[in-house]
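Peer 1: Just one file: target-v6.txt, with compact mmCIF, C-alpha atoms.
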```txt
# COMPACT_ATOMS: atom_id res chain seq x y z
CA MET R 1 25.06 7.42 -21.49
CA SER R 2 26.52 5.54 -18.51
CA ARG R 3 24.76 7.97 -16.14
CA HIS R 4 21.49 8.03 -18.08
CA LEU R 5 18.38 6.12 -17.01
CA THR R 6 14.89 5.90 -18.50
CA ILE R 7 11.88 5.47 -16.24
CA VAL R 8 8.64 4.07 -17.65
CA GLY R 9 5.71 5.47 -15.69
CA ALA R 10 5.28 8.85 -13.97
CA GLY R 11 2.93 7.73 -11.24
CA LEU R 12 3.89 7.75 -7.58
CA ALA R 13 6.91 5.43 -7.78
CA GLY R 14 8.10 6.91 -11.08
CA GLY R 15 7.91 10.47 -9.78
CA LEU R 16 9.75 9.64 -6.57
CA LEU R 17 12.42 7.52 -8.27
CA ALA R 18 13.05 10.25 -10.85
CA THR R 19 13.52 12.77 -8.03
CA LEU R 20 15.93 10.59 -6.06
CA LEU R 21 18.04 9.70 -9.11
CA ALA R 22 18.17 13.24 -10.50
CA GLN R 23 19.17 14.58 -7.09
CA ARG R 24 22.10 12.13 -7.15
CA GLY R 25 23.34 13.36 -10.51
CA TRP R 26 21.72 10.90 -12.89
CA SER R 27 20.36 12.06 -16.23
CA VAL R 28 16.74 10.90 -16.13
CA ASP R 29 13.98 10.70 -18.75
CA VAL R 30 10.48 9.68 -17.64
CA PHE R 31 7.81 8.51 -20.10
CA GLU R 32 4.15 8.42 -19.05
CA ARG R 33 1.22 7.16 -21.14
CA ARG R 34 -1.25 9.62 -19.62
CA GLY R 35 -1.31 13.38 -19.97
CA ASP R 36 0.28 15.75 -17.48
CA PRO R 37 -2.11 15.87 -14.50
CA ARG R 38 -0.89 19.37 -13.68
CA VAL R 39 -2.36 20.54 -16.99
CA ARG R 40 -5.38 18.31 -17.54
CA GLY R 41 -6.25 17.40 -13.97
CA TYR R 42 -5.64 14.04 -12.38
CA ALA R 43 -7.19 11.16 -14.33
CA GLY R 44 -6.08 8.19 -12.31
CA GLY R 45 -9.35 6.29 -12.38
CA ARG R 46 -10.34 4.18 -9.38
CA SER R 47 -8.20 4.58 -6.31
CA ILE R 48 -8.53 3.25 -2.81
CA ASN R 49 -7.26 6.02 -0.57
CA LEU R 50 -3.58 5.87 0.22
CA ALA R 51 -2.26 5.40 3.75
CA LEU R 52 1.16 6.97 4.18
CA ALA R 53 3.30 5.35 6.90
CA GLU R 54 6.90 5.63 8.12
CA ARG R 55 8.48 3.74 5.22
CA GLY R 56 6.88 6.06 2.71
CA LEU R 57 7.60 9.13 4.82
CA HIS R 58 11.27 8.16 5.05
CA ALA R 59 11.45 8.04 1.25
CA LEU R 60 9.66 11.38 0.90
CA ARG R 61 12.09 12.93 3.39
CA ALA R 62 14.97 11.69 1.24
CA ALA R 63 13.39 13.48 -1.73
CA GLY R 64 12.59 16.61 0.27
CA ALA R 65 8.88 16.20 -0.42
CA ASP R 66 7.53 15.18 3.00
CA THR R 67 6.42 18.64 4.17
CA ALA R 68 4.41 19.38 1.03
CA VAL R 69 2.67 16.00 1.27
CA LEU R 70 1.86 16.17 4.98
CA ASP R 71 0.41 19.67 4.57
CA LYS R 72 -2.51 18.06 2.68
CA ALA R 73 -2.73 14.78 4.57
CA VAL R 74 -5.21 13.80 7.28
CA MET R 75 -3.94 12.00 10.38
CA MET R 76 -5.52 8.65 11.28
CA ARG R 77 -4.96 7.49 14.87
CA GLY R 78 -6.54 4.06 14.47
CA ARG R 79 -9.45 1.97 13.27
CA MET R 80 -12.89 3.19 14.24
CA VAL R 81 -14.84 -0.07 14.31
CA HIS R 82 -18.58 0.27 13.62
CA GLY R 83 -20.49 -2.66 15.08
CA ALA R 84 -23.64 -4.09 13.54
CA ASP R 85 -25.57 -2.61 16.48
CA GLY R 86 -24.31 0.91 15.70
CA THR R 87 -21.68 1.05 18.47
CA GLN R 88 -18.24 2.49 17.73
CA GLN R 89 -14.83 1.67 19.19
CA LEU R 90 -11.47 3.24 18.33
CA LEU R 91 -8.59 0.75 18.16
CA ARG R 92 -5.39 2.79 18.13
CA TYR R 93 -2.67 1.86 15.67
CA GLY R 94 0.15 2.79 18.04
CA ARG R 95 0.94 3.99 21.53
CA ASP R 96 -0.02 7.63 20.98
CA ASP R 97 -0.07 10.35 18.32
CA SER R 98 3.59 9.71 17.55
CA GLU R 99 2.44 6.47 15.87
CA VAL R 100 -0.21 7.36 13.31
CA ILE R 101 -0.74 6.96 9.58
CA TRP R 102 -1.81 9.60 7.09
CA SER R 103 -4.61 9.55 4.53
CA VAL R 104 -3.35 11.14 1.32
CA SER R 105 -4.83 11.91 -2.08
CA ARG R 106 -3.18 9.96 -4.88
CA GLY R 107 -3.69 12.82 -7.33
CA GLU R 108 -2.23 15.51 -5.09
CA LEU R 109 0.70 13.29 -4.13
CA ASN R 110 1.41 12.49 -7.78
CA ILE R 111 1.50 16.18 -8.69
CA THR R 112 3.81 16.97 -5.74
CA LEU R 113 6.26 14.29 -6.87
CA LEU R 114 6.19 15.38 -10.53
CA ASP R 115 7.03 18.93 -9.46
CA ALA R 116 9.86 17.59 -7.31
CA ALA R 117 11.22 15.48 -10.18
CA GLU R 118 11.30 18.45 -12.54
CA ARG R 119 12.96 20.67 -9.94
CA ALA R 120 15.63 17.99 -9.51
CA GLY R 121 16.29 18.02 -13.27
CA ALA R 122 14.36 15.00 -14.59
CA ARG R 123 12.78 15.34 -18.05
CA LEU R 124 9.10 14.31 -18.12
CA HIS R 125 7.40 13.14 -21.33
CA PHE R 126 3.61 12.77 -21.19
CA ASP R 127 1.18 11.06 -23.60
CA GLN R 128 3.91 8.52 -24.34
CA ARG R 129 2.72 4.91 -24.18
CA LEU R 130 5.42 2.25 -24.32
CA ASP R 131 4.68 0.22 -27.44
CA THR R 132 7.68 -1.99 -28.19
CA VAL R 133 11.17 -2.60 -26.81
CA ASP R 134 14.17 -3.93 -28.72
CA PHE R 135 16.37 -5.00 -25.84
CA ASN R 136 19.25 -6.03 -28.11
CA ALA R 137 19.39 -2.62 -29.80
CA ARG R 138 18.40 -0.86 -26.56
CA ARG R 139 15.67 1.06 -28.33
CA ALA R 140 12.13 1.68 -27.09
CA VAL R 141 9.20 2.95 -29.15
CA PHE R 142 6.58 5.18 -27.55
CA ILE R 143 3.24 6.13 -29.11
CA ASP R 144 1.29 9.33 -28.46
CA ASP R 145 -2.31 8.11 -28.51
CA THR R 146 -3.62 11.67 -28.95
CA ASP R 147 -2.12 11.99 -32.45
CA GLY R 148 -0.52 8.62 -33.24
CA LYS R 149 3.01 10.05 -33.30
CA ARG R 150 5.77 7.47 -32.89
CA THR R 151 8.92 8.26 -30.88
CA GLU R 152 12.06 6.10 -30.84
CA HIS R 153 14.14 6.37 -27.70
CA ASP R 154 17.61 4.89 -27.24
CA PHE R 155 18.11 3.79 -23.66
CA THR R 156 20.88 2.59 -21.40
CA ALA R 157 18.49 0.92 -18.97
CA LEU R 158 14.72 0.93 -18.48
CA LEU R 159 13.26 1.19 -14.99
CA GLY R 160 9.66 -0.06 -14.87
CA ALA R 161 7.46 1.98 -12.54
CA ASP R 162 4.38 1.63 -14.71
CA GLY R 163 2.08 -0.18 -12.31
CA ALA R 164 0.30 -3.52 -12.10
CA GLY R 165 -0.48 -3.54 -15.84
CA SER R 166 3.14 -2.76 -16.69
CA ALA R 167 3.92 -2.51 -20.41
CA LEU R 168 7.62 -2.92 -19.63
CA ARG R 169 6.92 -6.16 -17.76
CA THR R 170 5.02 -7.42 -20.79
CA ALA R 171 7.98 -6.56 -23.04
CA MET R 172 10.44 -8.21 -20.66
CA SER R 173 8.26 -11.33 -20.43
CA ALA R 174 8.35 -11.66 -24.22
CA HIS R 175 12.15 -11.63 -24.00
CA THR R 176 12.67 -13.85 -20.94
CA ASP R 177 10.57 -15.84 -18.46
CA LEU R 178 9.94 -13.74 -15.34
CA GLY R 179 7.94 -16.49 -13.61
CA GLU R 180 4.81 -14.35 -13.53
CA ARG R 181 1.77 -15.51 -11.54
CA ILE R 182 -1.37 -13.54 -10.75
CA GLU R 183 -3.68 -14.76 -7.96
CA GLY R 184 -7.13 -13.21 -7.79
CA LEU R 185 -8.67 -12.69 -4.35
CA GLY R 186 -12.20 -13.59 -5.42
CA HIS R 187 -13.37 -10.25 -4.01
CA GLY R 188 -13.82 -6.83 -5.60
CA TYR R 189 -14.55 -3.29 -4.49
CA LYS R 190 -16.72 -0.26 -5.27
CA GLU R 191 -16.00 3.32 -4.29
CA LEU R 192 -18.63 5.60 -2.75
CA GLU R 193 -18.37 8.99 -1.05
CA ILE R 194 -19.38 10.72 2.16
CA PRO R 195 -19.66 14.44 1.29
CA PRO R 196 -18.82 17.27 3.71
CA GLY R 197 -21.29 18.15 6.47
CA PRO R 198 -22.69 21.57 7.32
CA GLU R 199 -20.20 24.44 6.95
CA ALA R 200 -17.71 22.11 5.22
CA SER R 201 -17.26 19.91 8.29
CA PHE R 202 -16.38 16.23 8.57
CA ARG R 203 -19.55 14.19 9.08
CA ILE R 204 -17.80 11.52 11.19
CA GLU R 205 -14.57 11.38 13.20
CA PRO R 206 -11.87 12.62 10.79
CA ASN R 207 -8.77 11.20 12.47
CA ALA R 208 -9.56 7.52 11.98
CA LEU R 209 -9.92 4.83 9.36
CA HIS R 210 -13.55 3.79 9.70
CA ILE R 211 -14.36 0.13 9.25
CA TRP R 212 -17.64 -1.79 9.22
CA PRO R 213 -16.52 -5.46 9.59
CA ARG R 214 -19.16 -8.01 8.63
CA GLY R 215 -17.35 -11.35 8.44
CA ALA R 216 -17.03 -12.23 4.75
CA TYR R 217 -17.20 -8.60 3.61
CA MET R 218 -16.74 -5.06 4.90
CA CYS R 219 -16.91 -1.35 4.23
CA ILE R 220 -14.21 1.22 5.05
CA ALA R 221 -14.00 5.02 4.90
CA LEU R 222 -10.86 7.19 4.81
CA PRO R 223 -10.82 10.96 5.32
CA ASN R 224 -9.78 13.50 2.70
CA ASP R 225 -8.50 17.02 3.31
CA GLU R 226 -11.54 18.51 1.55
CA ARG R 227 -13.70 17.09 4.39
CA THR R 228 -15.03 14.16 2.40
CA PHE R 229 -14.52 10.46 3.03
CA THR R 230 -13.72 7.92 0.36
CA VAL R 231 -15.88 4.88 1.13
CA THR R 232 -14.90 1.48 -0.23
CA LEU R 233 -17.25 -1.48 -0.21
CA PHE R 234 -15.49 -4.86 -0.40
CA LEU R 235 -17.61 -7.87 -1.41
CA PRO R 236 -16.97 -11.39 -2.68
CA SER R 237 -17.38 -11.87 -6.42
CA GLU R 238 -19.82 -14.75 -5.90
CA GLY R 239 -22.26 -15.83 -3.18
CA ASP R 240 -24.74 -13.81 -1.13
CA PRO R 241 -24.09 -11.00 -0.64
CA SER R 242 -21.62 -10.47 -3.48
CA PHE R 243 -21.23 -8.42 -6.61
CA ALA R 244 -23.17 -11.20 -8.33
CA THR R 245 -26.25 -10.41 -6.19
CA VAL R 246 -25.72 -6.71 -5.40
CA ARG R 247 -25.98 -5.48 -8.97
CA ASN R 248 -27.50 -2.01 -8.91
CA GLY R 249 -28.12 1.00 -6.72
CA ALA R 250 -31.33 -0.40 -5.25
CA ASP R 251 -29.53 -3.63 -4.27
CA ALA R 252 -26.74 -1.58 -2.72
CA ARG R 253 -29.17 0.50 -0.64
CA ALA R 254 -30.87 -2.66 0.62
CA LEU R 255 -27.48 -4.12 1.60
CA PHE R 256 -26.45 -0.95 3.42
CA GLU R 257 -29.77 -0.59 5.23
CA ARG R 258 -29.40 -4.16 6.47
CA ASP R 259 -25.66 -4.36 7.26
CA PHE R 260 -24.27 -0.80 7.39
CA ALA R 261 -27.28 1.10 8.70
CA ASP R 262 -25.37 3.91 10.41
CA ALA R 263 -23.54 4.66 7.14
CA VAL R 264 -26.70 5.09 5.05
CA PRO R 265 -27.47 8.71 6.08
CA LEU R 266 -23.84 9.63 5.42
CA ILE R 267 -23.88 8.61 1.73
CA PRO R 268 -26.68 10.61 0.05
CA ASN R 269 -25.63 9.52 -3.46
CA LEU R 270 -25.31 5.83 -2.61
CA GLU R 271 -27.28 4.52 -5.57
CA GLN R 272 -25.67 6.87 -8.09
CA ASP R 273 -22.14 6.21 -6.82
CA PHE R 274 -22.68 2.46 -6.92
CA GLU R 275 -24.01 2.47 -10.47
CA ARG R 276 -21.49 5.00 -11.82
CA ASN R 277 -18.29 3.49 -10.40
CA PRO R 278 -16.93 0.22 -11.82
CA ILE R 279 -16.03 -2.84 -9.78
CA GLY R 280 -12.33 -2.84 -8.95
CA ALA R 281 -10.36 -6.09 -9.10
CA LEU R 282 -8.18 -7.35 -6.24
CA SER R 283 -5.24 -9.62 -6.98
CA THR R 284 -1.62 -10.32 -6.10
CA LEU R 285 1.20 -10.34 -8.67
CA TYR R 286 4.19 -12.60 -8.09
CA LEU R 287 7.37 -12.59 -10.18
CA ASP R 288 10.43 -14.80 -9.73
CA ARG R 289 12.65 -12.27 -11.53
CA TRP R 290 12.45 -8.50 -11.59
CA HIS R 291 15.36 -7.62 -13.87
CA LEU R 292 16.90 -8.38 -17.27
CA ASP R 293 20.70 -8.22 -16.79
CA ASP R 294 21.71 -4.52 -16.99
CA ARG R 295 18.96 -3.51 -19.41
CA ALA R 296 15.75 -3.38 -17.38
CA VAL R 297 14.37 -3.68 -13.86
CA LEU R 298 10.87 -3.53 -12.36
CA LEU R 299 9.78 -2.01 -9.06
CA GLY R 300 6.61 -1.15 -7.16
CA ASP R 301 3.32 -2.57 -8.46
CA ALA R 302 4.99 -3.54 -11.75
CA ALA R 303 7.01 -6.09 -9.77
CA HIS R 304 4.78 -7.02 -6.83
CA ALA R 305 1.22 -5.64 -6.92
CA MET R 306 -0.67 -6.54 -3.76
CA VAL R 307 -4.11 -6.24 -2.23
CA PRO R 308 -4.58 -2.95 -0.30
CA PHE R 309 -5.45 -4.27 3.16
CA HIS R 310 -2.25 -3.36 4.94
CA GLY R 311 -2.01 0.07 3.31
CA GLN R 312 1.57 -0.75 2.28
CA GLY R 313 1.51 -0.87 -1.53
CA MET R 314 2.70 2.72 -1.93
CA ASN R 315 4.99 2.55 1.09
CA CYS R 316 6.62 -0.61 -0.24
CA ALA R 317 7.05 0.97 -3.70
CA PHE R 318 8.64 4.07 -2.15
CA GLU R 319 11.01 1.84 -0.18
CA ASP R 320 11.88 0.15 -3.51
CA CYS R 321 12.78 3.54 -4.95
CA VAL R 322 15.23 4.33 -2.14
CA ALA R 323 16.75 0.84 -2.30
CA LEU R 324 17.21 0.95 -6.10
CA ALA R 325 18.77 4.42 -5.99
CA ASN R 326 21.14 3.24 -3.26
CA HIS R 327 22.21 0.14 -5.19
CA LEU R 328 22.81 2.17 -8.35
CA ASP R 329 24.99 4.53 -6.33
CA ARG R 330 27.04 1.72 -4.79
CA THR R 331 28.25 0.13 -8.01
CA PRO R 332 28.81 1.26 -11.61
CA ASP R 333 27.81 -2.27 -12.70
CA ARG R 334 24.09 -1.89 -13.38
CA ALA R 335 23.50 -5.62 -13.74
CA ALA R 336 25.01 -6.15 -10.29
CA ALA R 337 22.99 -3.25 -8.90
CA PHE R 338 19.73 -4.60 -10.33
CA ALA R 339 20.49 -8.11 -9.05
CA ALA R 340 21.33 -6.83 -5.57
CA PHE R 341 18.15 -4.74 -5.52
CA GLU R 342 16.09 -7.81 -6.43
CA ARG R 343 17.81 -9.97 -3.79
CA GLU R 344 17.09 -7.38 -1.12
CA ARG R 345 13.53 -6.49 -2.03
CA LEU R 346 11.89 -9.62 -3.47
CA PRO R 347 11.63 -11.58 -0.17
CA ASN R 348 10.38 -8.45 1.57
CA ALA R 349 7.75 -7.90 -1.13
CA ARG R 350 6.58 -11.50 -0.71
CA ALA R 351 6.29 -10.95 3.04
CA ILE R 352 4.14 -7.81 2.81
CA GLN R 353 2.00 -9.43 0.11
CA ALA R 354 1.26 -12.27 2.54
CA MET R 355 0.58 -9.85 5.40
CA ALA R 356 -1.77 -7.80 3.22
CA LEU R 357 -3.83 -10.91 2.49
CA GLU R 358 -3.91 -11.83 6.18
CA ASN R 359 -4.98 -8.31 7.12
CA TYR R 360 -8.13 -8.59 4.98
CA LEU R 361 -9.35 -11.42 7.19
CA GLU R 362 -8.42 -9.44 10.30
CA MET R 363 -10.23 -6.29 9.13
CA ARG R 364 -13.45 -7.90 7.96
CA ALA R 365 -13.81 -10.68 10.53
CA ARG R 366 -11.55 -10.27 13.57
CA VAL R 367 -11.41 -6.63 14.72
CA ASP R 368 -14.61 -7.08 16.74
CA ASP R 369 -13.81 -10.64 17.87
CA ALA R 370 -13.38 -11.18 21.65
CA ASP R 371 -10.31 -13.43 21.30
CA PHE R 372 -8.63 -10.91 19.00
CA LEU R 373 -9.30 -8.02 21.38
CA LEU R 374 -7.96 -10.01 24.35
CA GLN R 375 -4.78 -10.91 22.46
CA ARG R 376 -4.40 -7.28 21.42
CA ALA R 377 -4.63 -6.15 25.05
CA LEU R 378 -1.88 -8.58 26.04
CA GLU R 379 0.14 -7.52 23.01
CA ARG R 380 0.10 -3.89 24.17
CA GLU R 381 1.12 -4.96 27.68
CA LEU R 382 4.06 -7.04 26.45
CA ALA R 383 5.16 -4.26 24.10
CA GLU R 384 5.47 -1.93 27.10
CA ARG R 385 7.30 -4.48 29.25
CA HIS R 386 9.65 -5.76 26.53
CA PRO R 387 10.18 -2.89 24.04
CA ASP R 388 13.43 -4.40 22.72
CA ARG R 389 11.90 -7.82 22.00
CA PHE R 390 8.12 -7.68 21.67
CA VAL R 391 7.00 -5.15 19.05
CA PRO R 392 3.51 -5.62 17.56
CA ARG R 393 3.67 -6.70 13.94
CA TYR R 394 1.55 -3.75 12.84
CA THR R 395 4.06 -1.43 14.53
CA MET R 396 7.01 -3.15 12.84
CA VAL R 397 5.34 -2.80 9.45
CA THR R 398 3.86 0.66 9.83
CA PHE R 399 5.99 2.70 12.23
CA ARG R 400 9.38 1.04 11.81
CA ARG R 401 11.56 0.27 8.80
CA LEU R 402 12.59 -3.25 9.75
CA PRO R 403 12.59 -5.51 6.69
CA TYR R 404 9.08 -6.78 5.97
CA ALA R 405 10.38 -10.35 6.10
CA VAL R 406 11.62 -9.80 9.66
CA ALA R 407 8.27 -8.32 10.69
CA PHE R 408 6.44 -11.26 9.10
CA GLU R 409 8.45 -13.94 10.89
CA ARG R 410 8.53 -12.20 14.27
CA GLY R 411 4.84 -11.50 13.95
CA ARG R 412 4.21 -15.22 13.50
CA LEU R 413 6.20 -16.07 16.65
CA GLN R 414 4.46 -13.36 18.65
CA ARG R 415 1.00 -14.45 17.51
CA GLU R 416 1.76 -18.02 18.66
CA LEU R 417 2.78 -16.71 22.08
CA LEU R 418 -0.37 -14.58 22.40
CA VAL R 419 -2.60 -17.51 21.44
CA ASP R 420 -0.82 -19.81 23.92
CA ALA R 421 -1.10 -17.26 26.74
CA THR R 422 -4.80 -16.43 26.24
CA ARG R 423 -6.16 -19.86 25.27
CA GLY R 424 -9.41 -20.56 27.14
CA ARG R 425 -9.45 -17.16 28.86
CA GLU R 426 -11.95 -14.32 28.68
CA THR R 427 -9.79 -11.75 30.53
CA LEU R 428 -6.10 -11.20 31.32
CA ASP R 429 -6.76 -11.85 35.00
CA GLY R 430 -4.82 -14.82 36.27
CA ILE R 431 -2.31 -15.02 33.43
CA ASP R 432 1.09 -16.09 34.74
CA ARG R 433 3.11 -12.99 33.82
CA ALA R 434 6.38 -14.60 34.92
CA TRP R 435 5.80 -17.46 32.46
CA VAL R 436 4.87 -15.04 29.68
CA ASP R 437 7.96 -12.90 30.34
CA ALA R 438 10.16 -16.00 30.26
CA GLU R 439 8.57 -17.10 26.96
CA VAL R 440 9.20 -13.67 25.43
CA ALA R 441 12.87 -13.96 26.35
CA ARG R 442 13.05 -17.57 25.08
CA ARG R 443 11.18 -17.13 21.79
CA LEU R 444 12.20 -13.62 20.72
CA SER R 445 15.73 -12.29 20.31
CA PRO R 446 16.33 -8.56 20.82
CA LEU R 447 15.49 -6.51 17.74
CA PRO R 448 18.37 -4.81 15.92
CA ALA R 449 18.55 -1.04 16.15
CA GLU R 450 17.32 0.77 13.04
CA ALA R 451 19.53 3.18 11.14
```
Could you take the file, read its structure, and then write that structure out as structure tokens?

Peer 2:
Amino acid sequence: MSRHLTIVGAGLAGGLLATLLAQRGWSVDVFERRGDPRVRGYAGGRSINLALAERGLHALRAAGADTAVLDKAVMMRGRMVHGADGTQQLLRYGRDDSEVIWSVSRGELNITLLDAAERAGARLHFDQRLDTVDFNARRAVFIDDTDGKRTEHDFTALLGADGAGSALRTAMSAHTDLGERIEGLGHGYKELEIPPGPEASFRIEPNALHIWPRGAYMCIALPNDERTFTVTLFLPSEGDPSFATVRNGADARALFERDFADAVPLIPNLEQDFERNPIGALSTLYLDRWHLDDRAVLLGDAAHAMVPFHGQGMNCAFEDCVALANHLDRTPDRAAAFAAFERERLPNARAIQAMALENYLEMRARVDDADFLLQRALERELAERHPDRFVPRYTMVTFRRLPYAVAFERGRLQRELLVDATRGRETLDGIDRAWVDAEVARRLSPLPAEA
């Protein structure tokens, strides 16, 4: 039993964690409340498209699953910003095509990881909803909601990868105070779809994340490998416009014709999509504790659910999986391993949660702002001149594996420098480069090399 672990949840984090642990010789059982998507088809409900970046790719490489995932992914070079006047501008994420992110299907990725987990030797149990946990007896009860059958499972330790609505977190909270806080954003989202064009073509530029920024709200579209785009409308919950005033398909069409006119011809089923799909909630989950001595630990959305505006929820969860597997390998003391995992990952989760909230403002209100674009131009220039010191925060988060907390703090220092250097200017002409270079050296220490 000392090398046996039980994972609750066979979603993305659960599938990857099961693969990594089984590959390292652990005996792994995975319990999932839903049916096997490989048999019944994926039934994940609402899903903002997933953006796979270097942190997630590194974890998939460790599991040997990166090639299968990238075969069905669509490259995104940057943000294609759609102005209110119909103009478009591509803002690259990185220097060139070596720094891109990938749009991936949650369902296809989940199936790839389940196959990998089984090949590695993990045992998967579907239609098994966690009902109760006796932590003292180390016994969990799972219920099959298709027939009501009750299964008792003796565990050594429970690993909670069961998402933002985690049943394991609920059970742990009944046993000990985890310091749980949930902060709603006051905004929600609806999913729509751009279907393929003639001869199964993409109807708009496929290698970009499309964004229609409109100040207090926005619309985005991410490409899928079947030549569709998943469109997500983000609106406040109250005010005008909001989900309180845009209530039906006719309201949605009026909003789009007014504020997203160039998107209207791309979404032929706008009214039907709006009325059929529910409003998704956006909130951030904070916990002060992620583990219960050596008996249970949480990771991914179960520990730190975040808003989706930095595209890092999955990448952060995958990084959790690698970190937890590493800590379990380093020490036979599970309580020490869980505690070390929490110490490493909790401050980094807090940092990316904060950056995800900040990025919502940037996406909906700043990407077409003159000051922002000027600062971004200087940022690119400084990144070329000082590659060991000045690395754009987006690059640190998305294309590097520096701790999120490091990226957050250095990003704050760099933003202050950019604001100071461009204050009162409309162009970069006349900026004292010698002063800026000296400030980079004074304010920013050289970055450590990544392993």

Peer 1: Counting only C-alpha atoms, give me one row per residue of stretch 272-386 of chain R with an atom at most 9 Å from an atom of stretch 414-420 of chain R, showing the shortest contact pair and its distance in Å to one decimal, sorted by chain then residue number, as a tab-separated table.

Peer 2:
```
residue	atom	partner	partner_atom	distance
R:Asp371	CA	R:Val419	CA	8.7
R:Gln375	CA	R:Leu418	CA	5.7
R:Arg376	CA	R:Leu418	CA	8.4
R:Leu378	CA	R:Leu418	CA	7.2
R:Glu379	CA	R:Leu418	CA	7.1
```

Peer 1: Neighbouring residues of stretch 284-291 of chain R were defined as those with any atom within 7 Å, considering only C-alpha atoms; residues of the same chain fewer than 2 positions away were excluded. Please report them as number ranges by chain.

Peer 2: R: 178-184, 293, 296-298, 303-307, 338, 342

Peer 1: Which residue is closest to R:His4? Choose from R:Val28, R:Ala84, R:Ala354, R:Val74 and count all atoms listed in the file.

Peer 2: R:Val28

Peer 1: Separation of atom CA of R:Leu444 and atom CA of R:Asp388, in Å?

Peer 2: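 Those two atoms sit 9.5 Å apart.
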
Peer 1: Quick one: everything within 10 Å of R:Leu266, counting only C-alpha atoms, minus sequence neighbours fewer than 2 positions away in the same chain. Send it as a count of residues only.

Peer 2: 15

Peer 1: Using atom CA of R:His210 and atom CA of R:Arg247 as the two end points, give the distance in Å to one decimal.

Peer 2: 24.3 Å

Peer 1: Here is a test: counting all atoms listed in the file, which residue of R:His386, R:Asn49, R:Ala434, R:Gln272 is nearest to R:Ala250?

Peer 2: R:Gln272

Peer 1: Given the choices R:Leu159, R:Ala164, R:Val100, R:Leu113, which gets closest to R:Asp320 if the distance is worked out from only C-alpha atoms?

Peer 2: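 Checking each candidate against R:Asp320, we get R:Leu159 as the closest.
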
Peer 1: Point out the residue among R:Thr331, R:Gln89, R:Ser283, R:Thr19 with the least atom-to-atom distance to R:Leu373, counting all atoms listed in the file.

Peer 2: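 Result for the nearest residue to R:Leu373: R:Gln89.
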
Peer 1: Choose the residue, out of R:Val104, R:Ala325, R:Gly311, R:Asp71, that has the smallest atom-to-atom separation from R:Ala22; count only C-alpha atoms.

Peer 2: R:Ala325

Peer 1: Could you give me, as an MDAnalysis selection string, the residues within 7 Å of R:Gly280, counting only C-alpha atoms and dropping anything in the same chain fewer than 2 positions from it?

Peer 2: chainID R and resid 188:190 278 282

Peer 1: Store the residues picked out above in a file with C-alpha atoms, as a PDB file, in the coordinates of the input.

Peer 2:
```pdb
ATOM      1  CA  GLY R 188     -13.820  -6.830  -5.600  1.00  0.00           C
ATOM      2  CA  TYR R 189     -14.550  -3.290  -4.490  1.00  0.00           C
ATOM      3  CA  LYS R 190     -16.720  -0.260  -5.270  1.00  0.00           C
ATOM      4  CA  PRO R 278     -16.930   0.220 -11.820  1.00  0.00           C
ATOM      5  CA  LEU R 282      -8.180  -7.350  -6.240  1.00  0.00           C
TER       6      LEU R 282
END
```

Peer 1: Go through R:Glu152, R:Glu54, R:Glu362, R:Glu108 and flag the residue nearest R:Ala216, using only C-alpha atoms for the distances.

Peer 2: R:Glu362

Peer 1: Where atoms are missing, can you supply N, CA, C and O atoms for stretch 98-104 of chain R and output the lot as a PDB file, in the coordinates of the input?

Peer 2:
```pdb
ATOM      1  N   SER R  98       2.315   9.841  18.250  1.00  0.00           N
ATOM      2  CA  SER R  98       3.590   9.710  17.550  1.00  0.00           C
ATOM      3  C   SER R  98       3.574   8.514  16.598  1.00  0.00           C
ATOM      4  O   SER R  98       4.477   8.383  15.751  1.00  0.00           O
ATOM      5  N   GLU R  99       2.576   7.647  16.738  1.00  0.00           N
ATOM      6  CA  GLU R  99       2.440   6.470  15.870  1.00  0.00           C
ATOM      7  C   GLU R  99       1.069   6.509  15.209  1.00  0.00           C
ATOM      8  O   GLU R  99       0.091   5.963  15.717  1.00  0.00           O
ATOM      9  N   VAL R 100       1.021   7.214  14.078  1.00  0.00           N
ATOM     10  CA  VAL R 100      -0.210   7.360  13.310  1.00  0.00           C
ATOM     11  C   VAL R 100       0.113   7.133  11.837  1.00  0.00           C
ATOM     12  O   VAL R 100       1.282   7.079  11.440  1.00  0.00           O
ATOM     13  N   ILE R 101      -0.923   6.983  11.029  1.00  0.00           N
ATOM     14  CA  ILE R 101      -0.740   6.960   9.580  1.00  0.00           C
ATOM     15  C   ILE R 101      -1.517   8.131   8.991  1.00  0.00           C
ATOM     16  O   ILE R 101      -2.307   8.788   9.672  1.00  0.00           O
ATOM     17  N   TRP R 102      -1.280   8.405   7.719  1.00  0.00           N
ATOM     18  CA  TRP R 102      -1.810   9.600   7.090  1.00  0.00           C
ATOM     19  C   TRP R 102      -2.596   9.231   5.838  1.00  0.00           C
ATOM     20  O   TRP R 102      -2.096   8.509   4.971  1.00  0.00           O
ATOM     21  N   SER R 103      -3.810   9.734   5.736  1.00  0.00           N
ATOM     22  CA  SER R 103      -4.610   9.550   4.530  1.00  0.00           C
ATOM     23  C   SER R 103      -4.229  10.627   3.526  1.00  0.00           C
ATOM     24  O   SER R 103      -4.277  11.827   3.833  1.00  0.00           O
ATOM     25  N   VAL R 104      -3.813  10.199   2.338  1.00  0.00           N
ATOM     26  CA  VAL R 104      -3.350  11.140   1.320  1.00  0.00           C
ATOM     27  C   VAL R 104      -4.082  10.907   0.007  1.00  0.00           C
ATOM     28  O   VAL R 104      -4.499   9.791  -0.309  1.00  0.00           O
TER      29      VAL R 104
END
```
